[in-house]
>>> print(open('final.cif').read())   # mmCIF, C-alpha atoms
data_model
#
loop_
_atom_site.label_atom_id
_atom_site.label_comp_id
_atom_site.auth_asym_id
_atom_site.auth_seq_id
_atom_site.Cartn_x
_atom_site.Cartn_y
_atom_site.Cartn_z
CA VAL A 1 0.00 0.00 0.00
CA GLY A 2 1.48 3.34 -1.03
CA THR A 3 2.23 6.10 1.46
CA PRO A 4 2.54 9.18 -0.77
CA VAL A 5 3.68 12.60 0.40
CA ASP A 6 2.42 16.01 -0.69
CA LYS A 7 4.57 18.86 -1.98
CA TYR A 8 5.41 19.80 1.60
CA GLY A 9 6.61 16.30 2.49
CA ASN A 10 3.56 15.40 4.59
CA VAL A 11 2.57 11.74 4.40
CA ASP A 12 -0.92 10.67 3.35
CA LEU A 13 -1.99 7.65 5.41
CA ASN A 14 -5.52 7.48 3.99
CA PRO A 15 -4.79 4.58 1.57
CA LEU A 16 -3.16 2.60 4.37
CA GLY A 17 -6.07 3.37 6.67
CA GLU A 18 -8.64 2.16 4.15
CA VAL A 19 -6.78 -1.09 3.53
CA SER A 20 -6.37 -1.60 7.29
CA LYS A 21 -10.15 -1.34 7.70
CA MET A 22 -10.64 -3.92 4.96
CA ILE A 23 -8.23 -6.29 6.70
CA ALA A 24 -9.97 -5.67 10.02
CA SER A 25 -13.23 -6.86 8.51
CA VAL A 26 -11.77 -10.36 8.05
CA LEU A 27 -9.22 -10.41 10.89
CA ARG A 28 -9.66 -13.35 13.25
CA ARG A 29 -8.12 -14.45 16.54
CA GLY A 30 -4.68 -15.96 15.96
CA ASP A 31 -4.14 -14.24 12.60
CA HIS A 32 -0.84 -12.55 11.78
CA VAL A 33 -0.62 -9.29 9.81
CA MET A 34 2.77 -8.22 8.41
CA LEU A 35 3.07 -4.66 7.13
CA ARG A 36 5.42 -3.96 4.21
CA SER A 37 4.58 -0.32 3.40
CA THR A 38 7.13 2.37 4.22
CA VAL A 39 5.77 4.48 7.06
CA PRO A 40 6.90 7.09 9.60
CA LEU A 41 7.86 5.74 13.01
CA GLY A 42 4.93 4.68 15.15
CA VAL A 43 2.40 4.11 12.38
CA SER A 44 2.30 0.35 12.80
CA ARG A 45 1.61 0.58 16.54
CA ASN A 46 -0.37 3.81 16.84
CA PHE A 47 -2.32 3.79 13.59
CA VAL A 48 -2.69 0.36 11.99
CA ALA A 49 -2.86 -1.74 15.17
CA LYS A 50 -5.39 0.66 16.68
CA ILE A 51 -7.62 0.38 13.61
CA PHE A 52 -7.54 -3.41 13.94
CA GLN A 53 -8.36 -3.20 17.64
CA LYS A 54 -11.15 -0.66 17.11
CA PHE A 55 -12.99 -2.70 14.48
CA THR A 56 -12.42 -6.17 15.96
CA ASN A 57 -12.15 -5.69 19.73
CA LEU A 58 -9.10 -7.95 19.54
CA LYS A 59 -5.88 -6.99 21.29
CA PRO A 60 -2.65 -6.82 19.26
CA GLY A 61 0.08 -9.09 20.55
CA ALA A 62 -2.43 -11.16 22.49
CA ASP A 63 -5.41 -12.01 20.29
CA PHE A 64 -3.68 -11.43 16.95
CA ASN A 65 -0.12 -10.85 15.77
CA ILE A 66 1.17 -7.79 13.98
CA SER A 67 4.69 -7.08 12.78
CA PHE A 68 6.52 -4.75 10.44
CA THR A 69 8.71 -6.29 7.72
CA PRO A 70 9.72 -3.54 5.26
CA GLU A 71 9.75 -4.24 1.55
CA ARG A 72 13.28 -3.49 0.30
CA THR A 73 13.31 -5.13 -3.13
CA ALA A 74 14.25 -3.34 -6.34
CA GLU A 75 11.96 -3.16 -9.35
CA GLY A 76 12.67 -5.91 -11.85
CA VAL A 77 14.49 -8.20 -9.41
CA ALA A 78 11.89 -8.44 -6.65
CA MET A 79 11.51 -12.21 -6.65
CA GLU A 80 15.26 -12.77 -6.64
CA GLU A 81 15.82 -10.31 -3.80
CA LEU A 82 13.00 -11.79 -1.76
CA ARG A 83 15.13 -14.94 -1.64
CA THR A 84 18.55 -13.33 -1.22
CA LEU A 85 18.08 -10.17 0.87
CA PRO A 86 17.88 -10.47 4.67
CA GLN A 87 14.38 -9.57 5.84
CA ILE A 88 13.97 -7.04 8.65
CA VAL A 89 11.31 -8.06 11.18
CA GLY A 90 9.98 -6.27 14.24
CA GLY A 91 6.82 -7.18 16.12
CA PHE A 92 4.28 -5.75 18.52
CA SER A 93 5.53 -8.38 20.97
CA ASP A 94 8.41 -10.87 21.13
CA SER A 95 6.01 -13.56 19.97
CA CYS A 96 5.03 -11.50 16.92
CA THR A 97 8.69 -10.98 16.03
CA LEU A 98 9.49 -14.69 16.33
CA ARG A 99 6.51 -15.64 14.16
CA SER A 100 7.64 -13.18 11.46
CA ALA A 101 11.19 -14.47 11.62
CA ASP A 102 10.00 -18.06 11.23
CA PHE A 103 7.94 -17.09 8.18
CA TRP A 104 10.75 -15.22 6.41
CA ASN A 105 13.42 -17.77 7.26
CA GLY A 106 11.43 -20.20 5.14
CA ILE A 107 11.57 -17.87 2.13
CA SER A 108 14.61 -15.60 2.37
CA SER A 109 18.27 -16.02 3.20
CA SER A 110 17.73 -14.82 6.77
CA ALA A 111 15.58 -12.68 9.04
CA VAL A 112 17.05 -9.86 11.10
CA GLN A 113 15.06 -9.50 14.31
CA MET A 114 14.59 -5.95 15.63
CA ASN A 115 13.61 -5.00 19.16
CA SER A 116 10.39 -3.21 18.20
CA LEU A 117 8.00 -2.22 15.45
CA GLU A 118 9.56 1.23 15.40
CA ALA A 119 13.11 -0.07 14.92
CA ALA A 120 11.97 -2.12 11.92
CA GLU A 121 10.16 0.92 10.49
CA PHE A 122 13.30 3.00 10.90
CA VAL A 123 15.51 0.56 8.98
CA LYS A 124 13.71 1.19 5.69
CA LEU A 125 13.82 4.95 6.20
CA ILE A 126 17.56 5.08 6.91
CA ASN A 127 18.35 2.73 4.00
CA ASN A 128 16.64 4.90 1.41
CA SER A 129 17.56 8.24 2.97
CA PHE A 130 21.23 7.33 3.03
CA ARG A 131 21.08 6.18 -0.59
CA ASP A 132 19.38 9.38 -1.74
CA LEU A 133 21.83 11.51 0.25
CA SER A 134 24.81 9.77 -1.36
CA PHE A 135 23.40 10.59 -4.81
CA ALA A 136 22.88 14.21 -3.75
CA PHE A 137 26.56 14.47 -2.82
CA ALA A 138 27.59 12.97 -6.16
CA ASN A 139 25.45 15.49 -8.02
CA GLU A 140 26.90 18.34 -5.96
CA ILE A 141 30.40 17.15 -6.90
CA SER A 142 29.37 17.40 -10.54
CA LEU A 143 28.26 21.00 -10.04
CA ALA A 144 31.52 21.90 -8.32
CA CYS A 145 33.58 20.22 -11.05
CA GLU A 146 31.76 22.20 -13.72
CA LYS A 147 33.05 25.44 -12.20
CA PHE A 148 36.66 24.25 -12.56
CA ASN A 149 36.30 22.43 -15.90
CA ILE A 150 36.97 19.07 -14.25
CA ASN A 151 35.47 15.84 -15.53
CA ALA A 152 33.36 14.72 -12.55
CA PHE A 153 33.11 11.09 -13.68
CA ASP A 154 36.87 10.72 -14.10
CA LEU A 155 37.40 12.45 -10.76
CA ILE A 156 35.07 10.13 -8.84
CA GLU A 157 36.32 7.06 -10.66
CA SER A 158 39.88 7.96 -9.69
CA ALA A 159 38.89 8.67 -6.09
CA ASN A 160 37.27 5.22 -5.86
CA ILE A 161 40.21 3.23 -7.27
CA GLY A 162 41.54 0.94 -4.57
CA TYR A 163 39.91 3.03 -1.83
CA LYS A 164 37.40 0.75 -0.17
CA ARG A 165 36.40 2.96 2.76
CA ASN A 166 33.77 5.01 0.99
CA LYS A 167 32.83 4.43 -2.62
CA ILE A 168 31.37 7.61 -4.10
CA ALA A 169 28.39 7.29 -6.43
CA MET A 170 28.39 8.70 -9.95
CA PRO A 171 26.31 11.81 -10.82
CA SER A 172 23.07 10.94 -12.55
CA PRO A 173 19.74 12.33 -13.68
CA GLY A 174 16.56 10.64 -12.61
CA VAL A 175 17.39 10.44 -8.90
CA GLY A 176 13.93 9.38 -7.94
CA GLY A 177 11.57 6.51 -8.24
CA TYR A 178 8.65 6.10 -5.88
CA CYS A 179 10.70 5.46 -2.73
CA LEU A 180 13.59 7.91 -2.95
CA THR A 181 11.31 10.86 -3.65
CA LYS A 182 9.38 10.43 -0.40
CA ASP A 183 11.27 8.33 2.15
CA PRO A 184 13.79 11.08 3.03
CA TYR A 185 10.81 13.22 4.07
CA LEU A 186 9.41 10.37 6.18
CA TYR A 187 12.80 10.02 7.84
CA GLY A 188 12.96 13.76 8.48
CA PHE A 189 9.50 13.74 10.04
CA SER A 190 10.31 10.71 12.15
CA SER A 191 13.74 11.87 13.34
CA LYS A 192 12.38 15.05 14.99
CA ILE A 193 15.64 16.72 13.98
CA LYS A 194 15.67 20.29 12.71
CA ASP A 195 16.79 20.54 9.07
CA PRO A 196 17.60 16.81 8.67
CA LEU A 197 20.24 15.92 6.12
CA SER A 198 17.82 13.59 4.33
CA VAL A 199 15.55 16.50 3.38
CA LEU A 200 18.48 18.70 2.36
CA GLY A 201 19.73 15.93 0.10
CA ARG A 202 16.29 15.44 -1.44
CA LYS A 203 16.08 19.15 -2.21
CA LYS A 204 19.44 18.86 -3.92
CA ASN A 205 18.22 15.98 -6.09
CA LEU A 206 14.75 17.33 -6.82
CA PRO A 207 15.41 20.35 -9.08
CA ILE A 208 16.81 18.37 -11.99
CA VAL A 209 15.21 19.12 -15.32
CA LEU A 210 16.31 17.23 -18.37
CA ASP A 211 16.67 18.70 -21.81
CA TRP A 212 17.89 16.64 -24.73
CA LYS A 213 19.49 16.67 -28.13
CA TRP A 214 18.42 14.41 -30.96
CA LYS A 215 21.78 12.60 -31.07
CA GLY A 216 21.11 11.23 -27.61
CA LEU A 217 22.90 13.89 -25.60
CA LEU A 218 21.01 14.96 -22.48
CA LYS A 219 21.33 18.29 -20.81
CA MET A 220 21.07 18.49 -17.04
CA VAL A 221 19.70 21.83 -15.91
CA TRP A 222 20.33 22.29 -12.21
CA LYS A 223 17.92 25.16 -11.63
CA LYS A 224 14.68 25.08 -9.74
CA ARG A 225 11.62 25.24 -11.97
CA LYS A 226 7.93 25.51 -11.26
CA LYS A 227 7.29 22.13 -12.81
CA VAL A 228 9.87 19.48 -11.97
CA SER A 229 9.42 15.76 -12.42
CA GLN A 230 10.16 14.03 -9.13
CA GLU A 231 11.09 10.80 -10.83
CA LEU A 232 12.42 9.84 -14.23
CA THR A 233 12.90 6.21 -15.17
CA ALA A 234 15.13 4.86 -17.91
CA ASN A 235 12.09 4.18 -20.07
CA GLU A 236 10.95 7.78 -19.67
CA ILE A 237 14.38 9.03 -20.69
CA LEU A 238 14.21 6.78 -23.74
CA GLU A 239 10.77 8.19 -24.62
CA LEU A 240 12.14 11.74 -24.39
CA TYR A 241 14.89 10.70 -26.74
CA ARG A 242 12.42 9.29 -29.25
CA LYS A 243 10.22 12.38 -29.16
CA SER A 244 13.18 14.71 -29.59
CA PHE A 245 14.49 12.62 -32.47
CA ARG A 246 11.13 12.82 -34.29
CA LYS A 247 10.99 16.57 -33.80
CA GLY A 248 14.62 17.10 -34.76
CA PHE A 249 15.16 18.93 -31.47
CA SER A 250 18.61 20.34 -30.85
CA GLY A 251 19.85 22.12 -27.78
CA ARG A 252 22.80 22.84 -25.56
CA TYR A 253 23.97 20.24 -23.12
CA ARG A 254 26.20 20.18 -20.08
CA ILE A 255 26.50 16.50 -19.22
CA PRO A 256 25.96 14.02 -22.06
CA PHE A 257 24.65 10.51 -21.45
CA ARG A 258 24.91 7.59 -23.82
CA LEU A 259 21.47 6.05 -24.35
CA ASP A 260 21.23 2.31 -24.90
CA LYS A 261 17.97 1.81 -26.81
CA ASP A 262 18.14 -1.98 -26.53
CA ASN A 263 18.75 -1.95 -22.77
CA PRO A 264 17.40 1.26 -21.21
CA ARG A 265 18.82 0.36 -17.80
CA LYS A 266 22.31 0.96 -19.15
CA SER A 267 21.28 4.53 -19.98
CA PHE A 268 22.04 5.40 -16.37
CA MET A 269 25.77 4.86 -16.92
CA PRO A 270 27.00 8.34 -17.92
CA ARG A 271 30.17 8.79 -19.93
CA LEU A 272 31.64 11.97 -21.35
CA TYR A 273 32.57 11.72 -25.01
#
>>> encode(input="final.cif", output="structure tokens")
Amino acid sequence: VGTPVDKYGNVDLNPLGEVSKMIASVLRRGDHVMLRSTVPLGVSRNFVAKIFQKFTNLKPGADFNISFTPERTAEGVAMEELRTLPQIVGGFSDSCTLRSADFWNGISSSAVQMNSLEAAEFVKLINNSFRDLSFAFANEISLACEKFNINAFDLIESANIGYKRNKIAMPSPGVGGYCLTKDPYLYGFSSKIKDPLSVLGRKKNLPIVLDWKWKGLLKMVWKKRKKVSQELTANEILELYRKSFRKGFSGRYRIPFRLDKDNPRKSFMPRLY
């Protein structure tokens, strides 16, 4: 169940609430509900579990089991990663946690047991927020390199050679997708920290507008616009390329990207040429 955010970063729990009511209508004593949606801290305990209790008069952790096991799979390889990625589990009670761990140990490589629902909720938020923040830093490096006429990709590639402590990501357009465009805001809300780094990183990644040239060269415009796409997949980039080719569009570019029409996923590997 999606947990979208508005333009101010506020989460909309209405879809999750509606589905929780539907589940409550068929929830029976001894059942086990495992939440996979990404949520702010406390939602499993203070929102979902309370809906179940309100509509069933059953007590969580006693009459029924509820746990949080965040979905962390990537699009296109979900089934593979369900088997290979460790599954995070945290329950309303120790019994709920153990039941979740037993379930996932039969499917995945392992189950990592957390001390609470909230700890399990937090894992997903820090995973995605850290990932988005690392991309924001890479894109900032690209901006700084442009001022000194330095090739950012060569710079980062050189910095990463043989240095295993902290591999720096490559600059890229399309820093988005459904999760990365919202989870940093959920982390910021949950952390109760003023000006959290996750939100600052998201603001750095958000104002990316793509322009393109018919030969497949993409221009990255790093200026805030009124209308900015929060996510841009490889297929969408390919569609922009096709449209621009048909129209014979030509424009300036700052950072060119080689587009692989046969395998759009490879379009995210930028190379200067």
>>> residues_around(input="final.cif", residues="range 7-21 of chain A", least_positions_apart="3", cutoff="8 Å", atoms="all atoms listed in the file", output="list in words")
Val1, Gly2, Thr3, Pro4, Ala24, Ser25, Phe47, Val48, Ile51, Phe52, Phe55, Lys182, Tyr185 and Leu186 of chain A
>>> write_last_selection(input="final.cif", atoms="C-alpha atoms", output="compact mmCIF listing (two decimals), keeping the file's coordinate frame")
# COMPACT_ATOMS: atom_id res chain seq x y z
CA VAL A 1 0.00 0.00 0.00
CA GLY A 2 1.48 3.34 -1.03
CA THR A 3 2.23 6.10 1.46
CA PRO A 4 2.54 9.18 -0.77
CA ALA A 24 -9.97 -5.67 10.02
CA SER A 25 -13.23 -6.86 8.51
CA PHE A 47 -2.32 3.79 13.59
CA VAL A 48 -2.69 0.36 11.99
CA ILE A 51 -7.62 0.38 13.61
CA PHE A 52 -7.54 -3.41 13.94
CA PHE A 55 -12.99 -2.70 14.48
CA LYS A 182 9.38 10.43 -0.40
CA TYR A 185 10.81 13.22 4.07
CA LEU A 186 9.41 10.37 6.18
>>> closest_residue(input="final.cif", among="A:Ala159, A:Ile141, A:Val39, A:Ala62", to="Val5 in chain A", atoms="all atoms listed in the file")
A:Val39
>>> closest_residue(input="final.cif", among="A:Ser100, A:Ser93, A:Ser129, A:Asn151", to="Thr181 in chain A", atoms="all atoms listed in the file")
A:Ser129
>>> axis_aligned_box(input="final.cif", around="range 38-54 of chain A", padding_each_side="8 Å", output="JSON")
{"center_x": -1.6, "center_y": 1.8, "center_z": 10.9, "size_x": 35.0, "size_y": 26.5, "size_z": 29.4}
>>> residues_near_point(input="final.cif", point="(12.5, 9.9, -2.2)", cutoff="12 Å", atoms="all atoms listed in the file", output="JSON, numbers by chain")
{"A": [3, 4, 5, 6, 7, 9, 38, 124, 125, 126, 127, 128, 129, 130, 131, 132, 133, 135, 136, 174, 175, 176, 177, 178, 179, 180, 181, 182, 183, 184, 185, 186, 187, 188, 198, 199, 200, 201, 202, 203, 204, 205, 206, 230, 231]}
>>> residues_around(input="final.cif", residues="Gly91 in chain A", least_positions_apart="3", cutoff="6 Å", atoms="only C-alpha atoms", output="list in words")
Ser67, Cys96, Thr97, Ser116 and Leu117 of chain A
>>> resolve_selection(input="final.cif", expression="the PyMOL selection byres ((chain A and resi 28) around 12)", output="PyMOL selection string")
chain A and resi 23-27+29-33+52-53+55-60+62-65
>>> write_last_selection(input="final.cif", atoms="C-alpha atoms", output="PDB file, in the coordinates of the input")
ATOM      1  CA  ILE A  23      -8.230  -6.290   6.700  1.00  0.00           C
ATOM      2  CA  ALA A  24      -9.970  -5.670  10.020  1.00  0.00           C
ATOM      3  CA  SER A  25     -13.230  -6.860   8.510  1.00  0.00           C
ATOM      4  CA  VAL A  26     -11.770 -10.360   8.050  1.00  0.00           C
ATOM      5  CA  LEU A  27      -9.220 -10.410  10.890  1.00  0.00           C
ATOM      6  CA  ARG A  29      -8.120 -14.450  16.540  1.00  0.00           C
ATOM      7  CA  GLY A  30      -4.680 -15.960  15.960  1.00  0.00           C
ATOM      8  CA  ASP A  31      -4.140 -14.240  12.600  1.00  0.00           C
ATOM      9  CA  HIS A  32      -0.840 -12.550  11.780  1.00  0.00           C
ATOM     10  CA  VAL A  33      -0.620  -9.290   9.810  1.00  0.00           C
ATOM     11  CA  PHE A  52      -7.540  -3.410  13.940  1.00  0.00           C
ATOM     12  CA  GLN A  53      -8.360  -3.200  17.640  1.00  0.00           C
ATOM     13  CA  PHE A  55     -12.990  -2.700  14.480  1.00  0.00           C
ATOM     14  CA  THR A  56     -12.420  -6.170  15.960  1.00  0.00           C
ATOM     15  CA  ASN A  57     -12.150  -5.690  19.730  1.00  0.00           C
ATOM     16  CA  LEU A  58      -9.100  -7.950  19.540  1.00  0.00           C
ATOM     17  CA  LYS A  59      -5.880  -6.990  21.290  1.00  0.00           C
ATOM     18  CA  PRO A  60      -2.650  -6.820  19.260  1.00  0.00           C
ATOM     19  CA  ALA A  62      -2.430 -11.160  22.490  1.00  0.00           C
ATOM     20  CA  ASP A  63      -5.410 -12.010  20.290  1.00  0.00           C
ATOM     21  CA  PHE A  64      -3.680 -11.430  16.950  1.00  0.00           C
ATOM     22  CA  ASN A  65      -0.120 -10.850  15.770  1.00  0.00           C
TER      23      ASN A  65
END
>>> closest_residue(input="final.cif", among="A:Leu98, A:Ala169, A:Leu82, A:Val89", to="Val112 in chain A", atoms="only C-alpha atoms")
A:Val89
>>> residues_around(input="final.cif", residues="Ser108 in chain A", least_positions_apart="4", cutoff="8 Å", atoms="all atoms listed in the file", output="MDAnalysis selection string")
chainID A and resid 82:87 104
>>> write_last_selection(input="final.cif", atoms="C-alpha atoms", output="compact mmCIF listing (two decimals), in the coordinates of the input")
# COMPACT_ATOMS: atom_id res chain seq x y z
CA LEU A 82 13.00 -11.79 -1.76
CA ARG A 83 15.13 -14.94 -1.64
CA THR A 84 18.55 -13.33 -1.22
CA LEU A 85 18.08 -10.17 0.87
CA PRO A 86 17.88 -10.47 4.67
CA GLN A 87 14.38 -9.57 5.84
CA TRP A 104 10.75 -15.22 6.41
>>> residues_around(input="final.cif", residues="Leu41 in chain A", least_positions_apart="2", cutoff="9 Å", atoms="all atoms listed in the file", output="PyMOL selection string")
chain A and resi 39+43-45+117-122+186-187+189-191
>>> atom_distance(input="final.cif", atom1="CA of Thr69 in chain A", atom2="CA of Met114 in chain A")
9.9 Å
>>> residues_around(input="final.cif", residues="Leu155 in chain A", least_positions_apart="5", cutoff="9 Å", atoms="all atoms listed in the file", output="PyMOL selection string")
chain A and resi 145+150+160
>>> atom_distance(input="final.cif", atom1="CA of Ala49 in chain A", atom2="CA of Ile66 in chain A")
7.4 Å
>>> build_atoms(input="final.cif", residues="range 23-46 of chain A", atoms="N, CA and C atoms", output="CSV table (one decimal), in the frame of the given file")
chain,number,residue,atom,x,y,z
A,23,ILE,N,-8.8,-5.1,6.0
A,23,ILE,CA,-8.2,-6.3,6.7
A,23,ILE,C,-8.9,-6.6,8.0
A,24,ALA,N,-9.3,-5.5,8.7
A,24,ALA,CA,-10.0,-5.7,10.0
A,24,ALA,C,-11.3,-6.4,9.9
A,25,SER,N,-11.9,-6.2,8.7
A,25,SER,CA,-13.2,-6.9,8.5
A,25,SER,C,-13.1,-8.4,8.4
A,26,VAL,N,-11.9,-8.9,8.2
A,26,VAL,CA,-11.8,-10.4,8.0
A,26,VAL,C,-10.8,-10.9,9.1
A,27,LEU,N,-10.2,-10.0,9.9
A,27,LEU,CA,-9.2,-10.4,10.9
A,27,LEU,C,-9.8,-11.3,12.0
A,28,ARG,N,-9.2,-12.4,12.3
A,28,ARG,CA,-9.7,-13.4,13.2
A,28,ARG,C,-8.6,-13.6,14.3
A,29,ARG,N,-9.0,-14.1,15.4
A,29,ARG,CA,-8.1,-14.4,16.5
A,29,ARG,C,-7.0,-15.4,16.1
A,30,GLY,N,-5.8,-15.1,16.4
A,30,GLY,CA,-4.7,-16.0,16.0
A,30,GLY,C,-4.1,-15.6,14.6
A,31,ASP,N,-4.7,-14.7,13.9
A,31,ASP,CA,-4.1,-14.2,12.6
A,31,ASP,C,-2.9,-13.4,12.8
A,32,HIS,N,-2.1,-13.3,11.7
A,32,HIS,CA,-0.8,-12.6,11.8
A,32,HIS,C,-0.8,-11.6,10.6
A,33,VAL,N,-0.7,-10.3,10.9
A,33,VAL,CA,-0.6,-9.3,9.8
A,33,VAL,C,0.8,-8.8,9.8
A,34,MET,N,1.4,-8.8,8.6
A,34,MET,CA,2.8,-8.2,8.4
A,34,MET,C,2.7,-7.0,7.5
A,35,LEU,N,3.1,-5.9,7.9
A,35,LEU,CA,3.1,-4.7,7.1
A,35,LEU,C,4.4,-4.5,6.4
A,36,ARG,N,4.2,-4.1,5.1
A,36,ARG,CA,5.4,-4.0,4.2
A,36,ARG,C,5.6,-2.5,3.7
A,37,SER,N,4.5,-1.7,3.9
A,37,SER,CA,4.6,-0.3,3.4
A,37,SER,C,5.6,0.5,4.2
A,38,THR,N,6.2,1.5,3.5
A,38,THR,CA,7.1,2.4,4.2
A,38,THR,C,6.3,3.4,4.9
A,39,VAL,N,6.6,3.6,6.2
A,39,VAL,CA,5.8,4.5,7.1
A,39,VAL,C,6.7,5.3,8.0
A,40,PRO,N,6.2,6.4,8.5
A,40,PRO,CA,6.9,7.1,9.6
A,40,PRO,C,6.9,6.2,10.9
A,41,LEU,N,7.8,6.5,11.8
A,41,LEU,CA,7.9,5.7,13.0
A,41,LEU,C,6.6,5.9,13.8
A,42,GLY,N,6.1,4.7,14.3
A,42,GLY,CA,4.9,4.7,15.2
A,42,GLY,C,3.6,4.4,14.4
A,43,VAL,N,3.6,4.3,13.1
A,43,VAL,CA,2.4,4.1,12.4
A,43,VAL,C,1.9,2.7,12.6
A,44,SER,N,2.7,1.7,12.6
A,44,SER,CA,2.3,0.4,12.8
A,44,SER,C,1.6,0.2,14.1
A,45,ARG,N,2.2,0.7,15.2
A,45,ARG,CA,1.6,0.6,16.5
A,45,ARG,C,0.4,1.5,16.8
A,46,ASN,N,0.6,2.8,16.4
A,46,ASN,CA,-0.4,3.8,16.8
A,46,ASN,C,-1.5,4.1,15.8
